[in-house]
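Comments concern the structure below.
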Amino acid sequence: MKCRKCRETAVINMAQHKLALCREHYLEWFVQQTERAIHKYAMFPKQARLLAAVSGGKDSLALWDVLSKLGYAVDGLYIHLGIPDNSYSDESCRKAVQFAEQHGLNLTVVNLKEQYGSSVIELAGRSRRGQLRPCAACGLVKRYIMNRTGLDGGYDVLVTGHNLDDEAAVLLGNTLHWSKELLPRQSPVLVGMDGFIRKAKPICRFYERETAAYTLLEGIDYVDEECPYALGGTSYLYKDLLNRLEDEQPGSKLSFYQNFLNARAGGFFNVDAVDRPVEMKNCIHCGQPTFTETCAFCRLVYEEE
Ligand code: SF4
Ligand SMILES: [Zn+2]
Ligand SMILES: [Zn+2]
């Protein structure tokens, strides 16, 4: 197969775009498409200070790489969750640190165990109900630390490496439940409010195989293993279902997500009602916004012994 632009041998064929490209033109296309998404969804202006949440995996490192290539001022944040299986957290931390050093970028590492006394697995195990799954505790912890680090550091936007496979799986889950709250909220950009940093997902329209191809062709070294707790989760099931659909009907994942975004932009949901600021208090421990006296993070870390 030949590259559509230069007729050299293609390294990737994207059936959904009817597009085959060589290495050079694929890397160029990936960067251009990212910039196009940033503009299309009005994610952030060129002078914005960005904080990229990096996990050491391919998507977040590809994102960090592309944004710095595009000339954005983008620092990284790695959250060491203390996941012990196969030294998962240690290994992924090493990859994030190595990438930052090789590219001369700033990386903040927040080590949960060192800073807050417990790993995410320990926190899940001793939560009051004793039944908080590691992923539920992990989601809460990550959201809190990302928001707090972003605001404390004076960043304008927190960027995350969610890809199309992630977003389509979330959309499938939200649709299966016809979630009135979550469906209108799912967006490539979430506006910032008092106490909450603006969030954006610049690579949300790339298939996972496309971000994998980018990192491979760029020679980016990333942690290959999935987090052991990802296996068996509902997100895994939804991804598997969507992959089967994609095999039968190439492009269906992209059209599922893109048509949802178009419907959202066209007024299908009452987005204004969702984005309306709500009355919140400040957590008595940490000062972060919360509906209760103590925020969910502080309850998990300090109270639920
Ligand atoms: S799979 Fe679960 S525990 Fe692992 S990083 Fe993701 S949310 Fe955290
Ligand atoms: Zn080419
Ligand atoms: Zn708090």
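Residues are named by chain letter and number: chains run A, B, ... in the order of the structure tokens, numbers start at 1 in each chain, and ligands are numbered from 1 in the order shown.
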Problem set entry | Distance filter 8 Å around ligand 3, atoms: only C-alpha atoms and all ligand atoms, out as a list of chain:residue names |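 Checking only C-alpha atoms and all ligand atoms against ligand 3 at 8 Å gives A:Asn282, A:Cys283, A:Ile284, A:His285, A:Cys286, A:Gly287, A:Gln288, A:Pro289, A:Thr290, A:Thr294, A:Cys295, A:Ala296, A:Phe297, A:Cys298, A:Arg299.
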Exercise. Just asking: which residues within stretch 43-249 of chain A are strand (DSSP E or B) according to DSSP, as a PyMOL selection string?
Worked result: chain A and resi 49-53+73-80+107-111+157-159+189-190+193+196+198-200
Distance filter 6 Å around ligand 1, atoms: only C-alpha atoms and all ligand atoms, out as a JSON list (two decimals) with C-alpha atoms, in the first residue's frame:
[["chain", "number", "residue", "atom", "x", "y", "z"],
["A", 134, "PRO", "CA", -9.52, 0.11, 43.61],
["A", 135, "CYS", "CA", -10.66, 1.88, 40.42],
["A", 138, "CYS", "CA", -8.20, 5.63, 42.17],
["A", 139, "GLY", "CA", -10.59, 7.79, 40.13],
["A", 227, "CYS", "CA", -2.83, -1.56, 35.06],
["A", 229, "TYR", "CA", -6.99, -3.56, 37.89],
["A", 230, "ALA", "CA", -8.19, -2.59, 34.41]]
Would you tabulate, counting only C-alpha atoms and all ligand atoms, all residues of chain A that have an atom at most 8 Å from an atom of ligand 2, showing the closest pair of atoms and their distance in Å to one decimal, sorted by chain then ascending number, as a tab-separated table?
residue	atom	partner	partner_atom_place_in_ligand_line	distance
A:Lys2	CA	ligand 2	1 (Zn)	7.9
A:Cys3	CA	ligand 2	1 (Zn)	4.7
A:Arg4	CA	ligand 2	1 (Zn)	6.5
A:Lys5	CA	ligand 2	1 (Zn)	4.9
A:Cys6	CA	ligand 2	1 (Zn)	4.1
A:Arg7	CA	ligand 2	1 (Zn)	6.1
A:Glu8	CA	ligand 2	1 (Zn)	5.5
A:Thr9	CA	ligand 2	1 (Zn)	7.5
A:Ala10	CA	ligand 2	1 (Zn)	7.0
A:Leu21	CA	ligand 2	1 (Zn)	5.4
A:Cys22	CA	ligand 2	1 (Zn)	4.3
A:Arg23	CA	ligand 2	1 (Zn)	6.8
A:Glu24	CA	ligand 2	1 (Zn)	6.0
A:His25	CA	ligand 2	1 (Zn)	4.7
A:Tyr26	CA	ligand 2	1 (Zn)	7.4
Exercise. Which residues come within 7 Å of stretch 192-208 of chain A, counting only C-alpha atoms, excluding same-chain residues fewer than 3 positions away, as number ranges by chain?
Worked result: A: 34, 37-38, 43, 63, 147, 150-151, 156-165, 167, 188-189, 211-212, 277, 288-289
For this session: DSSP on the backbone, then: every residue of stretch 65-261 of chain A marked helix (DSSP H, G or I), written as a VMD selection string.
Result: chain A and resid 65 to 69 85 to 103 112 to 116 120 to 125 134 to 152 164 to 176 182 to 185 208 to 218 228 to 230 234 to 248 252 to 261
For this session: Please provide as a PyMOL selection string all residues within 9 Å of A:Asn243, with the sequence filter that same-chain residues fewer than 4 positions apart are discarded (counting only C-alpha atoms).
Result: chain A and resi 165+238-239+247-248+253
For this session: Tell me which of A:Pro250, A:Phe291, A:Arg36, A:Leu50 sits closest to A:Thr149, counting only C-alpha atoms.
Result: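 Once distances to A:Thr149 are computed over only C-alpha atoms, the minimum belongs to A:Leu50.
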